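With CSV, C-alpha atoms inside, this is target_5.csv:
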```
chain,number,residue,atom,x,y,z
A,53,MET,CA,1.2,18.1,33.4
A,54,SER,CA,2.8,21.4,33.2
A,55,ALA,CA,0.4,24.4,33.6
A,56,SER,CA,2.6,26.3,31.2
A,57,LEU,CA,1.3,24.4,28.3
A,58,GLY,CA,-1.9,26.4,28.3
A,59,PHE,CA,-4.4,23.9,26.9
A,60,SER,CA,-7.3,25.8,25.5
A,61,THR,CA,-9.6,25.8,22.5
A,62,SER,CA,-8.5,29.2,21.1
A,63,VAL,CA,-4.8,29.4,20.7
A,64,ARG,CA,-3.1,30.8,17.6
A,65,ALA,CA,-0.7,28.3,16.0
A,66,ALA,CA,3.0,29.2,16.1
A,67,PRO,CA,4.5,30.4,12.8
A,68,VAL,CA,5.6,27.7,10.3
A,69,ARG,CA,9.3,27.2,9.9
A,70,ALA,CA,9.9,24.3,7.6
A,71,THR,CA,12.3,23.2,4.9
A,72,ARG,CA,10.7,21.4,1.9
A,73,ASP,CA,12.9,19.0,0.0
A,74,ALA,CA,10.2,18.8,-2.7
A,75,VAL,CA,6.6,19.7,-3.0
A,76,LYS,CA,4.7,17.2,-5.1
A,77,PRO,CA,1.0,18.2,-5.2
A,78,ARG,CA,-1.3,15.2,-5.2
A,79,ALA,CA,-5.1,15.2,-5.5
A,80,THR,CA,-6.7,15.2,-2.0
A,81,ARG,CA,-8.3,11.9,-1.5
A,82,ALA,CA,-12.0,11.5,-0.9
A,83,ARG,CA,-13.2,11.3,2.6
A,84,VAL,CA,-14.8,7.9,3.3
A,85,VAL,CA,-17.1,8.2,6.3
A,86,THR,CA,-19.8,5.8,7.6
A,87,THR,CA,-22.4,7.8,9.5
A,88,ALA,CA,-25.0,5.1,10.2
A,89,LYS,CA,-25.3,4.0,13.8
A,90,ARG,CA,-24.6,0.3,14.4
A,91,ASP,CA,-25.4,-2.1,17.2
A,92,GLY,CA,-22.6,-4.2,18.7
A,93,PRO,CA,-19.0,-3.3,19.5
A,94,VAL,CA,-16.6,-1.5,17.3
A,95,ILE,CA,-13.8,-4.0,16.7
A,96,ILE,CA,-10.1,-3.0,16.6
A,97,GLY,CA,-7.1,-5.3,15.8
A,98,LEU,CA,-3.5,-4.8,16.8
A,99,ALA,CA,-0.9,-7.3,15.4
A,100,ALA,CA,2.7,-7.3,16.6
A,101,ASP,CA,5.5,-9.7,17.6
A,102,SER,CA,6.1,-10.5,21.3
A,103,GLY,CA,8.0,-7.8,23.2
A,104,CYS,CA,7.2,-5.0,20.7
A,105,GLY,CA,5.3,-2.8,23.1
A,106,LYS,CA,1.7,-3.9,22.6
A,107,SER,CA,0.9,-3.5,26.3
A,108,THR,CA,2.0,0.2,26.4
A,109,PHE,CA,0.1,0.8,23.1
A,110,MET,CA,-3.0,-0.7,24.7
A,111,ARG,CA,-2.8,1.6,27.8
A,112,ARG,CA,-2.4,4.7,25.5
A,113,MET,CA,-5.3,3.7,23.4
A,114,THR,CA,-7.8,2.6,26.1
A,115,SER,CA,-7.1,5.7,28.2
A,116,LEU,CA,-8.6,7.9,25.5
A,117,PHE,CA,-12.0,6.3,26.2
A,118,GLY,CA,-11.8,7.2,29.9
A,119,GLY,CA,-11.2,5.0,32.9
A,120,LYS,CA,-8.5,2.6,33.6
A,121,ALA,CA,-8.4,-0.8,31.9
A,122,THR,CA,-7.8,-3.6,34.5
A,123,PRO,CA,-8.1,-7.4,34.7
A,124,PRO,CA,-11.7,-8.7,35.3
A,125,GLU,CA,-12.7,-7.8,38.8
A,126,GLY,CA,-12.7,-10.9,41.1
A,127,GLY,CA,-11.5,-13.1,38.3
A,128,ASN,CA,-8.3,-15.0,37.6
A,129,PRO,CA,-5.3,-12.8,38.6
A,130,ASP,CA,-3.4,-14.4,35.6
A,131,SER,CA,-6.1,-13.3,33.1
A,132,ASN,CA,-4.7,-11.6,30.0
A,133,THR,CA,-7.9,-9.6,29.5
A,134,LEU,CA,-8.2,-5.8,30.3
A,135,ILE,CA,-11.6,-4.3,30.8
A,136,SER,CA,-12.7,-0.7,31.3
A,137,GLU,CA,-16.2,0.8,31.2
A,138,THR,CA,-16.1,1.1,27.4
A,139,THR,CA,-13.3,-1.2,26.2
A,140,THR,CA,-12.3,-4.8,26.4
A,141,VAL,CA,-8.9,-5.9,25.3
A,142,LEU,CA,-8.5,-9.6,24.5
A,143,CYS,CA,-5.0,-11.2,24.1
A,144,LEU,CA,-5.1,-13.7,21.3
A,145,ASP,CA,-2.6,-16.0,23.2
A,146,ASP,CA,-5.8,-17.3,24.8
A,147,TYR,CA,-6.7,-18.9,21.5
A,148,HIS,CA,-3.6,-21.1,21.3
A,149,LEU,CA,-4.6,-24.6,20.2
A,150,ASN,CA,-2.2,-26.3,22.6
A,151,ASP,CA,-0.6,-25.5,25.9
A,152,ARG,CA,3.2,-25.4,26.4
A,153,ALA,CA,3.5,-29.1,26.8
A,154,GLY,CA,1.3,-29.7,23.8
A,155,ARG,CA,3.6,-27.6,21.6
A,156,LYS,CA,6.5,-29.6,22.7
A,157,THR,CA,4.7,-32.7,21.5
A,158,SER,CA,3.7,-31.1,18.2
A,159,GLY,CA,7.2,-29.6,17.7
A,160,LEU,CA,5.6,-26.3,16.5
A,161,THR,CA,6.1,-22.8,18.0
A,162,ALA,CA,3.3,-20.5,19.2
A,163,LEU,CA,3.9,-18.4,16.1
A,164,ASN,CA,2.8,-21.2,13.8
A,165,LEU,CA,-0.8,-20.9,12.4
A,166,LYS,CA,-1.4,-24.6,13.1
A,167,GLU,CA,-1.1,-23.8,16.8
A,168,GLN,CA,-4.0,-21.3,16.8
A,169,ASN,CA,-7.6,-22.2,17.4
A,170,PHE,CA,-9.0,-19.9,14.7
A,171,ASP,CA,-12.4,-21.6,14.7
A,172,LEU,CA,-13.0,-20.7,18.4
A,173,MET,CA,-11.6,-17.3,17.9
A,174,TYR,CA,-14.0,-16.6,15.0
A,175,ASP,CA,-17.0,-18.1,16.9
A,176,GLN,CA,-16.4,-16.0,20.0
A,177,VAL,CA,-15.5,-12.7,18.2
A,178,LYS,CA,-18.7,-13.2,16.1
A,179,ALA,CA,-20.7,-13.7,19.2
A,180,LEU,CA,-19.3,-10.6,20.9
A,181,LYS,CA,-20.0,-8.6,17.8
A,182,GLU,CA,-23.7,-9.8,18.0
A,183,GLY,CA,-23.9,-8.5,21.6
A,184,LYS,CA,-23.6,-12.0,23.2
A,185,SER,CA,-21.3,-13.1,26.1
A,186,VAL,CA,-18.7,-15.8,25.7
A,187,ASP,CA,-16.7,-18.1,27.9
A,188,LYS,CA,-13.2,-17.4,26.7
A,189,PRO,CA,-10.2,-19.7,27.7
A,190,ILE,CA,-7.2,-18.2,29.6
A,191,TYR,CA,-3.7,-19.2,28.5
A,192,ASN,CA,-1.6,-18.9,31.7
A,193,HIS,CA,1.8,-17.5,30.7
A,194,VAL,CA,3.2,-18.4,34.1
A,195,THR,CA,2.3,-22.1,34.2
A,196,GLY,CA,2.0,-22.7,30.4
A,197,VAL,CA,-1.4,-24.4,30.7
A,198,PHE,CA,-5.0,-23.3,30.2
A,199,ASP,CA,-6.9,-22.1,33.2
A,200,PRO,CA,-10.7,-22.3,33.5
A,201,ALA,CA,-12.6,-20.0,31.1
A,202,GLU,CA,-13.7,-16.5,32.0
A,203,LYS,CA,-17.0,-14.9,31.0
A,204,ILE,CA,-16.6,-11.9,28.7
A,205,GLU,CA,-19.5,-9.6,28.0
A,206,SER,CA,-19.9,-7.7,24.7
A,207,PRO,CA,-18.3,-4.3,25.2
A,208,GLU,CA,-18.6,-1.0,23.2
A,209,VAL,CA,-15.1,-1.3,21.9
A,210,LEU,CA,-13.5,-4.7,21.5
A,211,ILE,CA,-9.7,-4.7,20.9
A,212,LEU,CA,-8.0,-7.9,19.8
A,213,GLU,CA,-4.2,-7.9,20.2
A,214,GLY,CA,-1.6,-10.5,19.5
A,215,LEU,CA,0.4,-12.4,17.0
A,216,HIS,CA,-2.4,-13.4,14.5
A,217,PRO,CA,-5.4,-11.1,14.5
A,218,PHE,CA,-5.5,-10.8,10.7
A,219,ALA,CA,-4.3,-14.3,9.7
A,220,ASP,CA,-7.8,-15.8,9.5
A,221,THR,CA,-9.9,-14.2,6.8
A,222,ARG,CA,-13.2,-14.7,8.7
A,223,VAL,CA,-11.8,-12.9,11.8
A,224,ARG,CA,-10.1,-10.2,9.7
A,225,ASP,CA,-13.3,-9.3,7.9
A,226,MET,CA,-14.9,-8.4,11.2
A,227,PHE,CA,-12.4,-5.6,12.1
A,228,ASP,CA,-13.4,-2.0,11.8
A,229,PHE,CA,-9.8,-0.8,12.0
A,230,LYS,CA,-6.5,-2.8,11.8
A,231,ILE,CA,-3.1,-1.8,13.1
A,232,TYR,CA,0.3,-3.4,12.8
A,233,LEU,CA,3.2,-2.6,15.0
A,234,ASP,CA,6.3,-3.4,12.9
A,235,ILE,CA,9.7,-3.4,14.7
A,236,SER,CA,12.6,-3.9,12.4
A,237,ASP,CA,15.1,-6.7,12.9
A,238,ASP,CA,17.9,-4.3,13.7
A,239,VAL,CA,15.9,-2.5,16.4
A,240,LYS,CA,14.6,-5.8,17.9
A,241,PHE,CA,18.1,-7.1,18.1
A,242,ALA,CA,19.4,-3.9,19.8
A,243,TRP,CA,16.5,-3.9,22.3
A,244,LYS,CA,17.0,-7.6,23.1
A,245,ILE,CA,20.7,-7.2,23.7
A,246,GLN,CA,20.1,-4.3,26.0
A,247,ARG,CA,17.5,-6.2,28.0
A,248,ASP,CA,18.9,-9.7,28.1
A,249,MET,CA,22.6,-8.9,28.5
A,250,ALA,CA,22.1,-6.1,31.0
A,251,GLU,CA,19.2,-7.5,33.0
A,252,ARG,CA,19.4,-11.3,32.6
A,253,GLY,CA,23.1,-11.9,32.1
A,254,HIS,CA,22.7,-13.7,28.7
A,255,SER,CA,25.6,-13.9,26.3
A,256,LEU,CA,25.6,-12.2,22.9
A,257,GLU,CA,25.8,-15.6,21.2
A,258,SER,CA,22.7,-17.0,23.1
A,259,ILE,CA,20.7,-13.9,22.2
A,260,LYS,CA,21.6,-14.2,18.5
A,261,ALA,CA,20.7,-17.9,18.6
A,262,SER,CA,17.3,-17.1,20.2
A,263,ILE,CA,16.5,-14.5,17.6
A,264,GLU,CA,17.5,-16.6,14.7
A,265,ALA,CA,15.5,-19.6,15.9
A,266,ARG,CA,12.3,-17.5,16.1
A,267,LYS,CA,12.8,-15.5,12.9
A,268,PRO,CA,11.6,-18.1,10.3
A,269,ASP,CA,8.2,-18.6,11.9
A,270,PHE,CA,7.8,-14.9,12.5
A,271,ASP,CA,8.6,-14.2,8.8
A,272,ALA,CA,6.2,-16.9,7.7
A,273,PHE,CA,3.2,-16.4,9.9
A,274,VAL,CA,3.2,-13.0,11.6
A,275,ASP,CA,5.0,-10.5,9.4
A,276,PRO,CA,2.7,-11.0,6.3
A,277,GLN,CA,-0.3,-9.6,8.2
A,278,LYS,CA,1.0,-6.0,7.9
A,279,GLU,CA,-0.2,-6.1,4.3
A,280,HIS,CA,-3.8,-6.2,5.7
A,281,ALA,CA,-3.4,-3.3,8.2
A,282,ASP,CA,-5.0,0.1,7.7
A,283,VAL,CA,-2.1,1.7,9.6
A,284,VAL,CA,1.4,0.3,10.2
A,285,ILE,CA,3.7,1.9,12.8
A,286,GLU,CA,7.2,1.0,11.5
A,287,VAL,CA,10.1,1.3,13.9
A,288,LEU,CA,13.6,1.6,12.2
A,289,PRO,CA,17.1,2.6,13.2
A,290,THR,CA,17.8,6.3,13.0
A,291,GLN,CA,19.2,7.9,9.8
A,292,LEU,CA,20.5,10.9,11.8
A,293,ILE,CA,23.5,8.9,13.1
A,294,PRO,CA,25.7,7.0,10.6
A,295,ASP,CA,26.1,3.3,11.4
A,296,ASP,CA,24.1,3.6,14.6
A,297,ASN,CA,23.6,0.1,16.2
A,298,GLU,CA,22.4,1.0,19.8
A,299,GLY,CA,18.7,1.3,18.9
A,300,LYS,CA,18.2,4.2,21.3
A,301,ILE,CA,17.5,6.8,18.6
A,302,LEU,CA,14.6,5.7,16.4
A,303,ARG,CA,13.1,6.6,13.0
A,304,VAL,CA,9.4,5.8,13.2
A,305,ARG,CA,7.0,5.8,10.2
A,306,MET,CA,3.2,5.8,10.3
A,307,ILE,CA,2.1,4.2,7.1
A,308,MET,CA,-1.5,4.9,6.3
A,309,LYS,CA,-3.6,3.3,3.6
A,310,GLU,CA,-5.8,5.4,1.3
A,311,ASN,CA,-9.6,5.4,1.3
A,312,VAL,CA,-10.1,3.6,4.7
A,313,GLU,CA,-13.6,3.9,6.0
A,314,ASN,CA,-14.0,6.3,8.9
A,315,PHE,CA,-10.3,7.3,8.8
A,316,ASP,CA,-8.8,10.6,7.6
A,317,ALA,CA,-5.0,10.5,7.5
A,318,PRO,CA,-3.2,13.2,9.6
A,319,TYR,CA,-0.9,15.4,7.7
A,320,LEU,CA,1.9,17.9,8.2
A,321,PHE,CA,1.4,21.5,7.0
A,322,ASP,CA,0.0,20.8,3.5
A,323,GLU,CA,-2.1,17.7,2.6
A,324,GLY,CA,-0.8,15.8,-0.4
A,325,SER,CA,2.6,17.4,-0.5
A,326,THR,CA,6.0,16.0,0.2
A,327,ILE,CA,7.6,17.8,3.1
A,328,SER,CA,10.8,17.5,5.1
A,329,TRP,CA,10.9,19.5,8.4
A,330,ILE,CA,13.6,20.1,11.0
A,331,PRO,CA,11.9,22.0,13.8
A,332,CYS,CA,14.8,22.3,16.1
A,333,GLY,CA,15.9,25.9,17.0
A,334,ARG,CA,14.2,28.6,19.1
A,335,LYS,CA,10.9,26.7,19.2
A,336,LEU,CA,12.1,23.3,20.1
A,337,THR,CA,15.1,22.1,22.2
A,338,CYS,CA,17.0,19.3,20.5
A,339,SER,CA,20.3,17.7,21.5
A,340,TYR,CA,22.3,15.7,19.1
A,341,PRO,CA,21.3,14.3,16.6
A,342,GLY,CA,18.2,16.5,16.5
A,343,ILE,CA,14.7,15.7,15.1
A,344,LYS,CA,13.5,15.4,11.5
A,345,PHE,CA,10.0,15.0,10.3
A,346,PHE,CA,8.8,13.8,6.9
A,347,TYR,CA,5.4,13.7,5.3
A,348,GLY,CA,4.4,12.5,1.8
A,349,PRO,CA,3.0,9.8,-0.5
A,350,ASP,CA,4.5,6.4,-1.0
A,351,THR,CA,3.5,2.8,-2.0
A,352,TYR,CA,3.2,-0.2,0.3
A,353,TYR,CA,2.5,-3.7,-0.9
A,354,GLY,CA,1.7,-2.1,-4.3
A,355,LYS,CA,-1.0,0.2,-2.8
A,356,GLU,CA,-1.0,4.0,-2.4
A,357,VAL,CA,-0.2,5.2,1.2
A,358,THR,CA,0.6,8.3,3.0
A,359,VAL,CA,3.6,8.4,5.4
A,360,LEU,CA,4.2,10.5,8.4
A,361,GLU,CA,7.7,10.0,9.8
A,362,MET,CA,9.7,11.2,12.8
A,363,ASP,CA,13.4,10.5,13.3
A,364,GLY,CA,15.0,11.5,16.6
A,365,GLN,CA,13.6,12.2,20.1
A,366,PHE,CA,12.3,15.1,22.2
A,367,ASP,CA,14.4,16.6,25.0
A,368,LYS,CA,11.5,18.4,26.6
A,369,LEU,CA,8.2,16.6,26.2
A,370,GLU,CA,6.2,19.8,26.9
A,371,GLU,CA,7.6,21.3,23.7
A,372,LEU,CA,5.8,18.6,21.7
A,373,ILE,CA,2.9,21.0,21.6
A,374,TYR,CA,4.8,23.1,19.0
A,375,VAL,CA,5.0,20.1,16.7
A,376,GLU,CA,1.4,19.2,17.4
A,377,SER,CA,0.3,22.7,16.3
A,378,HIS,CA,1.5,22.0,12.8
A,379,LEU,CA,-0.3,18.7,12.3
A,380,SER,CA,-3.9,18.5,11.0
A,381,ASN,CA,-6.5,15.7,11.0
A,382,THR,CA,-5.1,14.3,14.3
A,383,SER,CA,-8.7,13.8,15.7
A,384,SER,CA,-7.7,15.5,18.9
A,385,LYS,CA,-10.6,17.2,20.7
A,386,PHE,CA,-8.7,20.2,22.1
A,387,TYR,CA,-5.5,22.1,21.5
A,388,GLY,CA,-2.6,20.1,23.1
A,389,GLU,CA,-4.4,16.8,23.6
A,390,ILE,CA,-1.6,14.8,22.0
A,391,THR,CA,1.0,16.5,24.3
A,392,GLN,CA,-1.3,15.9,27.3
A,393,GLN,CA,-1.5,12.2,26.5
A,394,MET,CA,2.2,11.9,26.0
A,395,LEU,CA,2.9,13.6,29.3
A,396,LYS,CA,0.5,11.1,31.0
A,397,TYR,CA,2.8,8.3,30.0
A,398,GLN,CA,6.1,10.2,30.0
A,399,ASN,CA,7.8,7.4,32.0
A,400,GLY,CA,6.7,4.7,29.6
A,401,PRO,CA,8.6,3.2,26.7
A,402,GLY,CA,8.7,5.4,23.6
A,403,SER,CA,7.4,8.5,25.3
A,404,ASN,CA,10.1,10.8,24.0
A,405,ASN,CA,10.2,9.5,20.4
A,406,GLY,CA,8.0,8.6,17.5
A,407,THR,CA,6.7,5.3,18.9
A,408,GLY,CA,4.7,7.0,21.7
A,409,PHE,CA,3.9,9.9,19.4
A,410,PHE,CA,2.3,7.9,16.7
A,411,GLN,CA,0.7,5.4,19.0
A,412,THR,CA,-1.1,8.3,20.6
A,413,ILE,CA,-2.2,9.7,17.3
A,414,VAL,CA,-3.5,6.2,16.2
A,415,GLY,CA,-5.3,6.0,19.5
A,416,LEU,CA,-7.1,9.3,18.7
A,417,LYS,CA,-8.0,8.0,15.3
A,418,VAL,CA,-9.4,4.8,16.9
A,419,ARG,CA,-11.6,6.9,19.2
A,420,GLU,CA,-12.9,8.8,16.1
A,421,VAL,CA,-13.6,5.5,14.3
A,422,TYR,CA,-15.7,4.5,17.3
A,423,GLU,CA,-17.6,7.8,17.4
A,424,ARG,CA,-18.4,7.6,13.7
A,425,ILE,CA,-19.6,4.1,13.7
A,426,SER,CA,-21.5,4.1,17.0
A,427,GLY,CA,-22.9,7.7,16.7
A,428,LYS,CA,-21.7,8.3,20.3
A,429,GLU,CA,-19.3,10.9,21.5
A,430,VAL,CA,-16.4,10.3,23.9
A,431,VAL,CA,-15.9,13.3,26.2
A,432,ALA,CA,-12.3,14.3,26.5
A,433,LYS,CA,-11.1,16.4,29.4
A,434,ALA,CA,-8.5,19.1,28.9
```
Take the structure in this file and express it as structure tokens.
Amino acid sequence: MSASLGFSTSVRAAPVRATRDAVKPRATRARVVTTAKRDGPVIIGLAADSGCGKSTFMRRMTSLFGGKATPPEGGNPDSNTLISETTTVLCLDDYHLNDRAGRKTSGLTALNLKEQNFDLMYDQVKALKEGKSVDKPIYNHVTGVFDPAEKIESPEVLILEGLHPFADTRVRDMFDFKIYLDISDDVKFAWKIQRDMAERGHSLESIKASIEARKPDFDAFVDPQKEHADVVIEVLPTQLIPDDNEGKILRVRMIMKENVENFDAPYLFDEGSTISWIPCGRKLTCSYPGIKFFYGPDTYYGKEVTVLEMDGQFDKLEELIYVESHLSNTSSKFYGEITQQMLKYQNGPGSNNGTGFFQTIVGLKVREVYERISGKEVVAKA
């Protein structure tokens, strides 16, 4: 991390230079905060399709609680579980009903709800919430079969990530905070072409066929869960380049429900307004096509939401601190913490655009949710 960033607790914010397309005042929403301490883990859910960056998101989120999340020590090297001193991340692929051969017999894909063992998922999440340990199955992605179960102790923060965390009502009701990572079809297609054609030698026709074969089950069984999320990170093609189809420049929207317990939505400049901001210039280095931010109210599945959006990417990640200084309610513990976290993963996917930026902010909000529910404080180091 560059020492020139000057992380401290008493730094004056840079002067505001913004353009506002429209200012539409809206009543500031009521803060909904649970202050009572509670036994058992705080439970977080992350839903997303395969290949959408869940692993990177998990590393960003768990690092905010301190320590490094690793597979269970001395356990199965093919375990999907990640454990740190505070957090345990469970991959919901371990709750598939059938192994790879069994799905060939059933004729159903792993996206189909009939191929998930929701009863076992519910029983084990409930037990972990009650402070008990469980013997959780391991779905081996290499062999396609189930390995012997591994013992999982009840952690302070339990994170469930996978295709179907919010599909079963019983499981969904146990979450304290729910996140959906929504990659648009156009971006998925661009990413898959770049990966499979360049790295695996697949033809364009085979890639298209693979995507189309998977799409019906994704649309039927995975995509509808975003309606239940408290925050959706939506990744779209840029609007800064007409007819862009490369998927390298992204427009990312953080869609936040109103009146969520223990969650205060971050905002840009002026809470409740509608603001468009192009920060490029003397304060921020931007090559073509530049960067544009948006903040304002919207509706999502018929409910009021607040949207924070970034289109474009950073040239110099250190300069992100300028943007950070104009955001409020980020739940950072010191000036420049967002920038520090972004620099920590600067070689990871999305580190120079809105995917990494908003994943980091959501991670900070999850840390705050934990602190409010548990009554414990996570010490952050500048």
_Two-atom distance - atom CA of Glu202 of chain A, atom CA of Ala179 of chain A (Å)_ =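 Atom CA of Glu202 of chain A sits 14.9 Å away from atom CA of Ala179 of chain A.
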*Return the single residue from A:Met362, A:Val141, A:Glu371, A:Val239 that is closest to Gly333 of chain A, with distances computed using all atoms listed in the file.*
A:Glu371
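Atom pair atom CA of Cys338 of chain A / atom CA of Phe366 of chain A: separated by 6.5 Å.
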*Smallest atom-to-atom distance to Glu205 of chain A: which of A:Gly183, A:Pro217, A:Pro129, A:Gly406, using all atoms listed in the file?*
A:Gly183
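Of the listed residues A:Ile330, A:Ile245, A:Leu320, A:Val194, the one whose atoms come nearest to Lys300 of chain A is A:Ile245, with distances taken using all atoms listed in the file.
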*Please provide as a list in words all residues within 7 Å of segment 376-385 of chain A, with the sequence filter that same-chain residues fewer than 4 positions apart are discarded (counting only C-alpha atoms).*
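My reading of the contact set: Ala65, Asp316, Ala317, Pro318, Tyr319, Leu320, Phe321, Leu372, Glu389, Ile390, Ile413, Leu416, Lys417, Glu420 and Ala432 of chain A.
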*Up to 12 Å from (8.5, -13.5, 25.4) in the file's coordinates: name the residues, counting only C-alpha atoms, as a list in words.*
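Within 12 Å of (8.5, -13.5, 25.4), the protein and nucleic acid residues are Asp101, Ser102, Gly103, Cys104, Gly105, Asp145, Ala162, Leu163, His193, Val194, Leu215, Lys244, Arg247, Asp248, Ser262, Ile263 and Arg266 of chain A.
The residue set within 10 Å of Lys368 of chain A, counting only C-alpha atoms and dropping same-chain residues fewer than 5 places from it, reads Leu336, Thr337, Cys338 and Asn404 of chain A.
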*Which is closest to Lys355 of chain A among A:Asp282, A:Asp130, A:Asp146, A:Asp271, if we use all atoms listed in the file?*
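Among A:Asp282, A:Asp130, A:Asp146, A:Asp271, it is A:Asp282 that comes nearest to Lys355 of chain A.
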*Nearest to Ser403 of chain A: which of A:Pro93, A:Phe109, A:Gly119, A:Ala261 is it, counting all atoms listed in the file?*
A:Phe109
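Omitting Asp220 of chain A and its sequence neighbours fewer than 5 positions away, and counting only C-alpha atoms, the residues within 9 Å are Phe170, Tyr174 and Asp225 of chain A.
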Based on the selection just made, write C-alpha atoms of those residues as a PDB file, in the coordinates of the input.
```
ATOM      1  CA  PHE A 170      -9.000 -19.900  14.700  1.00  0.00           C
ATOM      2  CA  TYR A 174     -14.000 -16.600  15.000  1.00  0.00           C
ATOM      3  CA  ASP A 225     -13.300  -9.300   7.900  1.00  0.00           C
TER       4      ASP A 225
END
```
*Just how far from atom CA of Ala201 of chain A is atom CA of Val186 of chain A, in Å to one decimal?*
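Interatomic distance, atom CA of Val186 of chain A to atom CA of Ala201 of chain A: 9.2 Å.
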*Choose the residue, out of A:Leu292, A:Ile343, A:Trp243, A:Thr358, that has the smallest atom-to-atom separation from Glu323 of chain A; count all atoms listed in the file.*
A:Thr358
*Would you mind listing what lies within 12 Å of Thr195 of chain A as a PyMOL selection string, with all atoms listed in the file counted and same-chain residues fewer than 2 positions away left out?*
chain A and resi 130+151-153+190-193+197-199
_Point (-11.2, 8.0, 9.9) neighbourhood (12 Å, all atoms listed in the file) written as a PyMOL selection string_ = chain A and resi 82-87+228-230+282-283+308-318+381-383+413-425
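Residues with any atom within 12 Å of Ala121 of chain A, counting all atoms listed in the file and excluding same-chain neighbours fewer than 2 positions away, are Ser107, Thr108, Met110, Arg111, Arg112, Met113, Thr114, Ser115, Leu116, Phe117, Gly118, Gly119, Pro123, Pro124, Glu125, Asn132, Thr133, Leu134, Ile135, Ser136, Glu137, Thr138, Thr139, Thr140, Val141, Leu142 and Ile211 of chain A.
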Mind dumping the selected residues with C-alpha atoms as a CSV table (one decimal), keeping the file's coordinate frame?
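Okay, this is what ended up in result_27.csv:
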```csv
chain,number,residue,atom,x,y,z
A,107,SER,CA,0.9,-3.5,26.3
A,108,THR,CA,2.0,0.2,26.4
A,110,MET,CA,-3.0,-0.7,24.7
A,111,ARG,CA,-2.8,1.6,27.8
A,112,ARG,CA,-2.4,4.7,25.5
A,113,MET,CA,-5.3,3.7,23.4
A,114,THR,CA,-7.8,2.6,26.1
A,115,SER,CA,-7.1,5.7,28.2
A,116,LEU,CA,-8.6,7.9,25.5
A,117,PHE,CA,-12.0,6.3,26.2
A,118,GLY,CA,-11.8,7.2,29.9
A,119,GLY,CA,-11.2,5.0,32.9
A,123,PRO,CA,-8.1,-7.4,34.7
A,124,PRO,CA,-11.7,-8.7,35.3
A,125,GLU,CA,-12.7,-7.8,38.8
A,132,ASN,CA,-4.7,-11.6,30.0
A,133,THR,CA,-7.9,-9.6,29.5
A,134,LEU,CA,-8.2,-5.8,30.3
A,135,ILE,CA,-11.6,-4.3,30.8
A,136,SER,CA,-12.7,-0.7,31.3
A,137,GLU,CA,-16.2,0.8,31.2
A,138,THR,CA,-16.1,1.1,27.4
A,139,THR,CA,-13.3,-1.2,26.2
A,140,THR,CA,-12.3,-4.8,26.4
A,141,VAL,CA,-8.9,-5.9,25.3
A,142,LEU,CA,-8.5,-9.6,24.5
A,211,ILE,CA,-9.7,-4.7,20.9
```
